file data-v2.pdb (PDB, C-alpha atoms)
ATOM      1  CA  MET A   1    -106.980  23.186 133.954
ATOM      2  CA  ARG A   2    -103.162  23.130 133.861
ATOM      3  CA  ILE A   3    -101.259  20.112 132.537
ATOM      4  CA  LYS A   4     -98.356  19.151 134.774
ATOM      5  CA  LYS A   5     -95.300  17.879 132.909
ATOM      6  CA  ILE A   6     -93.494  14.803 134.160
ATOM      7  CA  ARG A   7     -89.717  14.999 134.295
ATOM      8  CA  GLY A   8     -87.135  12.277 134.744
ATOM      9  CA  HIS A   9     -89.019   9.506 132.950
ATOM     10  CA  ARG A  10     -86.085   7.135 133.265
ATOM     11  CA  ARG A  11     -86.546   7.221 137.028
ATOM     12  CA  ARG A  12     -90.070   5.871 136.496
ATOM     13  CA  TRP A  13     -88.965   2.827 134.501
ATOM     14  CA  LYS A  14     -88.034   0.796 137.569
ATOM     15  CA  ALA A  15     -91.482   1.504 139.024
ATOM     16  CA  ILE A  16     -93.069   0.376 135.748
ATOM     17  CA  ASP A  17     -91.091  -2.884 135.824
ATOM     18  CA  ASP A  18     -92.135  -3.482 139.451
ATOM     19  CA  TRP A  19     -95.791  -2.837 138.573
ATOM     20  CA  VAL A  20     -95.658  -5.339 135.704
ATOM     21  CA  ALA A  21     -93.973  -8.001 137.841
ATOM     22  CA  ALA A  22     -96.622  -7.611 140.554
ATOM     23  CA  TYR A  23     -99.622  -7.792 138.222
ATOM     24  CA  LYS A  24     -98.383 -10.589 135.947
ATOM     25  CA  VAL A  25     -99.370 -13.043 138.684
ATOM     26  CA  LEU A  26    -103.127 -13.567 138.311
ATOM     27  CA  ASP A  27    -104.743 -14.420 141.666
ATOM     28  CA  MET A  28    -106.910 -17.341 140.568
ATOM     29  CA  ASP A  29    -108.569 -17.742 143.972
ATOM     30  CA  TYR A  30    -109.642 -14.097 143.883
ATOM     31  CA  LEU A  31    -110.806 -14.418 140.267
ATOM     32  CA  LYS A  32    -112.873 -17.544 140.963
ATOM     33  CA  SER A  33    -114.457 -15.771 143.921
ATOM     34  CA  ARG A  34    -115.174 -12.407 142.252
ATOM     35  CA  GLN A  35    -115.492 -13.709 138.668
ATOM     36  CA  ARG A  36    -113.559 -10.732 137.270
ATOM     37  CA  ASP A  37    -110.298  -8.838 137.716
ATOM     38  CA  TYR A  38    -108.289  -6.038 136.125
ATOM     39  CA  ALA A  39    -104.812  -4.533 136.069
ATOM     40  CA  LYS A  40    -104.745  -0.741 135.869
ATOM     41  CA  ILE A  41    -101.591   1.318 135.522
ATOM     42  CA  ARG A  42    -100.317   1.702 139.089
ATOM     43  CA  VAL A  43     -97.239   3.850 138.598
ATOM     44  CA  HIS A  44     -96.636   7.205 140.291
ATOM     45  CA  PRO A  45     -97.419   9.929 139.333
ATOM     46  CA  TRP A  46     -99.961   8.721 136.768
ATOM     47  CA  SER A  47    -101.942   6.663 139.252
ATOM     48  CA  SER A  48    -102.081   9.502 141.789
ATOM     49  CA  ILE A  49    -105.080  11.771 142.327
ATOM     50  CA  SER A  50    -104.272  15.426 141.830
ATOM     51  CA  MET A  51    -105.551  17.644 144.646
ATOM     52  CA  LEU A  52    -104.833  20.789 142.648
ATOM     53  CA  ASN A  53    -106.470  22.314 139.599
ATOM     54  CA  SER A  54    -104.117  20.430 137.312
ATOM     55  CA  GLU A  55    -103.906  17.244 135.328
ATOM     56  CA  ILE A  56    -100.912  14.919 135.000
ATOM     57  CA  SER A  57     -99.685  14.735 131.410
ATOM     58  CA  SER A  58     -99.987  11.300 129.838
ATOM     59  CA  PRO A  59     -96.774   9.259 129.417
ATOM     60  CA  LYS A  60     -95.111   9.629 126.049
ATOM     61  CA  GLY A  61     -92.320   8.152 123.954
ATOM     62  CA  ALA A  62     -90.226   5.379 125.472
ATOM     63  CA  THR A  63     -92.082   5.556 128.798
ATOM     64  CA  LYS A  64     -95.451   5.063 127.106
ATOM     65  CA  ARG A  65     -94.087   2.136 125.107
ATOM     66  CA  ARG A  66     -92.643   0.587 128.257
ATOM     67  CA  ILE A  67     -96.058   0.744 129.938
ATOM     68  CA  LEU A  68     -97.807  -0.666 126.870
ATOM     69  CA  ASN A  69     -95.266  -3.479 126.671
ATOM     70  CA  GLY A  70     -96.055  -4.150 130.347
ATOM     71  CA  LEU A  71     -99.776  -4.394 129.587
ATOM     72  CA  ILE A  72     -98.984  -6.914 126.849
ATOM     73  CA  GLU A  73     -96.820  -8.953 129.250
ATOM     74  CA  ILE A  74     -99.629  -8.969 131.816
ATOM     75  CA  TYR A  75    -102.130 -10.006 129.139
ATOM     76  CA  ASP A  76     -99.943 -12.893 127.965
ATOM     77  CA  ALA A  77     -99.322 -14.105 131.527
ATOM     78  CA  TRP A  78    -103.031 -13.986 132.364
ATOM     79  CA  LYS A  79    -103.910 -15.754 129.113
ATOM     80  CA  ASN A  80    -101.609 -18.660 130.018
ATOM     81  CA  GLU A  81    -103.423 -19.008 133.356
ATOM     82  CA  LEU A  82    -106.917 -18.649 131.910
ATOM     83  CA  ASP A  83    -106.252 -21.189 129.150
ATOM     84  CA  GLN A  84    -105.799 -23.806 131.863
ATOM     85  CA  LEU A  85    -109.345 -23.317 133.131
ATOM     86  CA  GLY A  86    -110.804 -25.195 130.196
ATOM     87  CA  ALA A  87    -113.753 -22.789 130.141
ATOM     88  CA  PRO A  88    -114.698 -19.606 128.251
ATOM     89  CA  TYR A  89    -113.257 -16.348 129.525
ATOM     90  CA  TYR A  90    -113.109 -12.643 128.684
ATOM     91  CA  LEU A  91    -109.622 -11.179 128.382
ATOM     92  CA  LYS A  92    -108.802  -7.926 126.638
ATOM     93  CA  ILE A  93    -106.495  -4.942 126.762
ATOM     94  CA  TRP A  94    -108.432  -1.698 126.934
ATOM     95  CA  LEU A  95    -106.165   0.764 125.136
ATOM     96  CA  TYR A  96    -107.294   4.375 125.469
ATOM     97  CA  GLU A  97    -106.195   7.135 123.091
ATOM     98  CA  PRO A  98    -105.406   9.877 123.859
ATOM     99  CA  ARG A  99    -106.181   9.152 127.536
ATOM    100  CA  PHE A 100    -103.613   6.374 127.530
ATOM    101  CA  ILE A 101    -103.182   6.388 131.300
ATOM    102  CA  ASN A 102    -106.619   4.737 131.636
ATOM    103  CA  ALA A 103    -105.389   1.638 129.771
ATOM    104  CA  GLN A 104    -105.778  -1.693 131.544
ATOM    105  CA  VAL A 105    -106.009  -5.461 131.194
ATOM    106  CA  VAL A 106    -109.454  -6.855 132.062
ATOM    107  CA  CYS A 107    -110.679 -10.419 132.500
ATOM    108  CA  ALA A 108    -113.908 -12.142 133.501
ATOM    109  CA  ILE A 109    -115.196 -15.700 133.862
ATOM    110  CA  GLY A 110    -118.328 -17.617 134.834
ATOM    111  CA  ASP A 111    -121.381 -15.508 135.641
ATOM    112  CA  CYS A 112    -119.475 -12.318 134.755
ATOM    113  CA  LEU A 113    -118.377 -13.542 131.323
ATOM    114  CA  ASP A 114    -120.544 -10.955 129.549
ATOM    115  CA  PHE A 115    -120.191  -8.270 132.238
ATOM    116  CA  TYR A 116    -118.069  -5.962 130.036
ATOM    117  CA  THR A 117    -119.900  -6.520 126.744
ATOM    118  CA  ASN A 118    -121.635  -3.134 126.733
ATOM    119  CA  THR A 119    -119.093  -1.122 128.719
ATOM    120  CA  PHE A 120    -118.230   1.063 125.712
ATOM    121  CA  PHE A 121    -120.396   2.514 122.960
ATOM    122  CA  LYS A 122    -119.790   1.103 119.469
ATOM    123  CA  PRO A 123    -120.296   3.870 116.881
ATOM    124  CA  ASP A 124    -121.520   3.252 113.345
ATOM    125  CA  ASP A 125    -118.382   4.823 111.848
ATOM    126  CA  SER A 126    -115.817   2.156 112.620
ATOM    127  CA  LYS A 127    -112.098   2.929 112.478
ATOM    128  CA  LYS A 128    -109.074   0.785 111.739
ATOM    129  CA  PHE A 129    -106.344   0.392 114.331
ATOM    130  CA  ASN A 130    -102.932   1.720 113.253
ATOM    131  CA  PRO A 131    -100.115  -0.274 114.939
ATOM    132  CA  LYS A 132     -97.436   1.907 113.356
ATOM    133  CA  ILE A 133     -98.046   4.723 115.837
ATOM    134  CA  TYR A 134     -96.509   2.517 118.537
ATOM    135  CA  GLY A 135     -93.121   2.425 116.837
ATOM    136  CA  PRO A 136     -90.914  -0.465 118.054
ATOM    137  CA  LEU A 137     -94.016  -2.210 119.457
ATOM    138  CA  GLU A 138     -95.732  -2.322 116.059
ATOM    139  CA  GLU A 139     -95.085  -6.052 115.641
ATOM    140  CA  GLU A 140     -96.323  -6.894 119.147
ATOM    141  CA  VAL A 141     -99.558  -4.889 118.971
ATOM    142  CA  SER A 142    -100.215  -6.299 115.476
ATOM    143  CA  LYS A 143    -100.632  -9.728 117.076
ATOM    144  CA  PHE A 144    -103.877  -8.487 118.622
ATOM    145  CA  LYS A 145    -107.277  -8.061 117.026
ATOM    146  CA  TRP A 146    -108.429  -4.528 117.910
ATOM    147  CA  GLU A 147    -112.052  -3.321 118.042
ATOM    148  CA  TYR A 148    -112.944   0.368 118.035
ATOM    149  CA  ARG A 149    -115.110   1.898 120.763
ATOM    150  CA  LEU A 150    -115.648   5.387 122.200
ATOM    151  CA  ASP A 151    -113.972   6.761 125.306
ATOM    152  CA  GLU A 152    -116.637   8.977 126.868
ATOM    153  CA  ASP A 153    -117.387  10.980 129.985
ATOM    154  CA  HIS A 154    -120.876  10.246 131.312
ATOM    155  CA  PHE A 155    -123.306  12.448 133.227
ATOM    156  CA  ASP A 156    -126.984  12.217 134.123
ATOM    157  CA  ASN A 157    -129.854  14.633 134.735
ATOM    158  CA  GLU A 158    -129.106  14.541 138.472
ATOM    159  CA  THR A 159    -125.454  15.561 138.066
ATOM    160  CA  VAL A 160    -126.052  19.038 139.477
ATOM    161  CA  GLY A 161    -128.375  17.950 142.261
ATOM    162  CA  SER A 162    -130.271  20.355 144.519
ATOM    163  CA  PRO A 163    -129.106  23.565 146.229
ATOM    164  CA  GLU A 164    -129.171  21.773 149.600
ATOM    165  CA  MET A 165    -126.197  19.677 148.469
ATOM    166  CA  TYR A 166    -123.911  22.734 148.279
ATOM    167  CA  GLU A 167    -122.299  24.886 150.933
ATOM    168  CA  THR A 168    -123.543  28.068 149.292
ATOM    169  CA  MET A 169    -126.066  29.093 146.678
ATOM    170  CA  LYS A 170    -123.152  30.571 144.736
ATOM    171  CA  ASP A 171    -121.525  27.134 144.500
ATOM    172  CA  TYR A 172    -124.797  25.605 143.314
ATOM    173  CA  LYS A 173    -125.343  28.246 140.620
ATOM    174  CA  SER A 174    -121.726  27.943 139.476
ATOM    175  CA  HIS A 175    -122.012  24.170 139.049
ATOM    176  CA  LYS A 176    -125.436  24.516 137.410
ATOM    177  CA  ASN A 177    -124.100  27.066 134.901
ATOM    178  CA  TRP A 178    -121.101  24.835 134.167
ATOM    179  CA  PHE A 179    -123.340  21.861 133.450
ATOM    180  CA  GLU A 180    -125.819  23.801 131.318
ATOM    181  CA  LYS A 181    -122.927  25.131 129.239
ATOM    182  CA  LYS A 182    -121.527  21.624 128.878
ATOM    183  CA  LEU A 183    -124.852  20.324 127.561
ATOM    184  CA  THR A 184    -124.607  22.772 124.642
ATOM    185  CA  LYS A 185    -121.628  20.787 123.353
ATOM    186  CA  PRO A 186    -121.989  17.684 121.114
ATOM    187  CA  HIS A 187    -122.955  14.567 123.067
ATOM    188  CA  ARG A 188    -125.019  11.390 122.982
ATOM    189  CA  LEU A 189    -128.351  11.385 124.785
ATOM    190  CA  MET A 190    -129.827   8.196 126.217
ATOM    191  CA  LYS A 191    -133.297   8.219 127.750
ATOM    192  CA  LEU A 192    -134.096   5.421 130.190
ATOM    193  CA  GLU A 193    -137.305   3.475 129.654
ATOM    194  CA  GLU A 194    -137.431   2.870 133.389
ATOM    195  CA  PRO A 195    -135.931   5.670 135.543
ATOM    196  CA  ILE A 196    -133.440   4.827 138.267
ATOM    197  CA  GLY A 197    -134.727   6.955 141.105
ATOM    198  CA  GLU A 198    -134.711  10.509 139.720
ATOM    199  CA  ILE A 199    -132.340   9.626 136.879
ATOM    200  CA  ASN A 200    -134.006   9.302 133.471
ATOM    201  CA  GLU A 201    -131.364  10.623 131.047
ATOM    202  CA  TYR A 202    -127.657  10.072 130.443
ATOM    203  CA  TYR A 203    -125.348  12.409 128.503
ATOM    204  CA  SER A 204    -122.143  11.003 127.000
ATOM    205  CA  PHE A 205    -119.321  13.225 125.748
ATOM    206  CA  LYS A 206    -116.659  11.775 123.473
ATOM    207  CA  ARG A 207    -113.079  12.123 124.718
ATOM    208  CA  GLY A 208    -111.310   9.773 122.319
ATOM    209  CA  ALA A 209    -111.082   6.112 121.416
ATOM    210  CA  VAL A 210    -110.858   2.850 123.302
ATOM    211  CA  TRP A 211    -109.312  -0.040 121.428
ATOM    212  CA  LEU A 212    -110.276  -3.484 122.743
ATOM    213  CA  GLY A 213    -107.470  -5.924 121.970
ATOM    214  CA  GLU A 214    -107.348  -9.701 122.227
ATOM    215  CA  LYS A 215    -105.318 -12.535 120.745
TER     216      LYS A 215
END

call {"tool": "encode", "arguments": {"input": "data-v2.pdb", "output": "structure tokens"}}
result
Amino acid sequence: MRIKKIRGHRRRWKAIDDWVAAYKVLDMDYLKSRQRDYAKIRVHPWSSISMLNSEISSPKGATKRRILNGLIEIYDAWKNELDQLGAPYYLKIWLYEPRFINAQVVCAIGDCLDFYTNTFFKPDDSKKFNPKIYGPLEEEVSKFKWEYRLDEDHFDNETVGSPEMYETMKDYKSHKNWFEKKLTKPHRLMKLEEPIGEINEYYSFKRGAVWLGEK
């Protein structure tokens, strides 16, 4: 897969500022109805779906810091609103590395308070967050308590499916060979005590870290 470079980052900064301004306002009516909400990075081209065999390169340098600062602003604005509820709530920044573009602010209340508790796998070998890698934002990110989790891609034993699901037998065999080769690489295996339909195993492949931050 090719990595597409992003040029003219300064032209994206206005879009980043607009995204932050829009998401800083937490829709409390929506939250009380759905019990949870999130703010993903909605800035072109990083929020776009590539239709080609390529992947958008993750934001770097000043652009990455501008987005991270935006996530912190959204977090702080949401925290001010949630503090007024007078009830427990879940509010964290999910900071992915190196897949930074997946970062988001997530909150939950009421019946969904524990909804995100087991979203990410917690490995035995814990790591310590290093705020210095964020340069000028070191002081801001140091105000958060960060917990280490794994960023993983997940598959199950029904990922390939049956030949009838493919246009040609060649497509089926190609996907089957790809998946069998993938399973030879290091991964976590989880067997379900009670199968979900035909699914009885999950395979999780580490892609990086997710840091869960809260004040």

call {"tool": "residues_around", "arguments": {"input": "data-v2.pdb", "residues": "stretch 116-133 of chain A", "least_positions_apart": "2", "cutoff": "12 Å", "atoms": "all atoms listed in the file", "output": "PyMOL selection string"}}
result
chain A and resi 35-38+60-61+64-65+89-92+94-97+106-109+111-114+135-154+188+190+204-206+208-213

call {"tool": "closest_residue", "arguments": {"input": "data-v2.pdb", "among": "A:Glu180, A:Glu214, A:Asp17, A:Asp83", "to": "A:Val43", "atoms": "all atoms listed in the file"}}
result
A:Asp17

call {"tool": "closest_residue", "arguments": {"input": "data-v2.pdb", "among": "A:Ile199, A:Ala87, A:Val25, A:Ile41", "to": "A:Phe100", "atoms": "all atoms listed in the file"}}
result
A:Ile41

call {"tool": "resolve_selection", "arguments": {"input": "data-v2.pdb", "expression": "the PyMOL selection byres ((chain A and resi 78) around 10)", "output": "list of chain:residue names"}}
result
A:Tyr23, A:Lys24, A:Val25, A:Leu26, A:Asp27, A:Met28, A:Ile72, A:Glu73, A:Ile74, A:Tyr75, A:Asp76, A:Ala77, A:Lys79, A:Asn80, A:Glu81, A:Leu82, A:Asp83, A:Leu91, A:Val105, A:Val106, A:Cys107

call {"tool": "closest_residue", "arguments": {"input": "data-v2.pdb", "among": "A:Leu192, A:Trp13, A:Lys185, A:Glu201", "to": "A:Ala62", "atoms": "all atoms listed in the file"}}
result
A:Trp13

call {"tool": "atom_distance", "arguments": {"input": "data-v2.pdb", "atom1": "atom CA of A:Lys191", "atom2": "atom CA of A:Met169"}}
result
29.1 Å

call {"tool": "closest_residue", "arguments": {"input": "data-v2.pdb", "among": "A:Pro88, A:Arg42, A:Phe115, A:Asn177", "to": "A:Asn102", "atoms": "only C-alpha atoms"}}
result
A:Arg42

call {"tool": "atom_distance", "arguments": {"input": "data-v2.pdb", "atom1": "atom CA of A:Ile196", "atom2": "atom CA of A:Met165"}}
result
19.4 Å

call {"tool": "closest_residue", "arguments": {"input": "data-v2.pdb", "among": "A:Leu85, A:Pro59, A:Asn200, A:Tyr30", "to": "A:Pro98", "atoms": "all atoms listed in the file"}}
result
A:Pro59

call {"tool": "atom_distance", "arguments": {"input": "data-v2.pdb", "atom1": "atom CA of A:Lys40", "atom2": "atom CA of A:Tyr203"}}
result
25.5 Å

call {"tool": "decode", "arguments": {"input": "data-v2.pdb", "residues": "stretch 18-31 of chain A", "atoms": "N, CA and C atoms", "output": "compact mmCIF listing (two decimals), in the first residue's frame"}}
result
# COMPACT_ATOMS: atom_id res chain seq x y z
N ASP A 18 -11.97 25.16 12.59
CA ASP A 18 -13.42 25.06 12.40
C ASP A 18 -13.96 23.77 13.03
N TRP A 19 -13.21 22.68 12.86
CA TRP A 19 -13.59 21.39 13.46
C TRP A 19 -13.65 21.50 14.98
N VAL A 20 -12.65 22.12 15.58
CA VAL A 20 -12.60 22.27 17.03
C VAL A 20 -13.79 23.11 17.51
N ALA A 21 -14.03 24.22 16.85
CA ALA A 21 -15.13 25.11 17.25
C ALA A 21 -16.47 24.38 17.20
N ALA A 22 -16.66 23.54 16.18
CA ALA A 22 -17.92 22.83 16.03
C ALA A 22 -18.11 21.76 17.11
N TYR A 23 -17.04 21.07 17.48
CA TYR A 23 -17.17 19.96 18.41
C TYR A 23 -16.99 20.35 19.88
N LYS A 24 -16.56 21.57 20.15
CA LYS A 24 -16.44 22.01 21.54
C LYS A 24 -17.80 22.12 22.21
N VAL A 25 -18.85 22.29 21.41
CA VAL A 25 -20.20 22.41 21.97
C VAL A 25 -20.79 21.01 22.11
N LEU A 26 -20.88 20.53 23.34
CA LEU A 26 -21.41 19.20 23.61
C LEU A 26 -22.94 19.26 23.61
N ASP A 27 -23.57 18.47 22.75
CA ASP A 27 -25.03 18.43 22.65
C ASP A 27 -25.57 17.59 23.81
N MET A 28 -25.97 18.27 24.88
CA MET A 28 -26.40 17.57 26.08
C MET A 28 -27.70 16.80 25.87
N ASP A 29 -28.59 17.31 25.04
CA ASP A 29 -29.83 16.58 24.76
C ASP A 29 -29.52 15.25 24.07
N TYR A 30 -28.61 15.31 23.10
CA TYR A 30 -28.20 14.08 22.40
C TYR A 30 -27.53 13.12 23.37
N LEU A 31 -26.64 13.65 24.22
CA LEU A 31 -25.91 12.80 25.16
C LEU A 31 -26.87 12.13 26.14
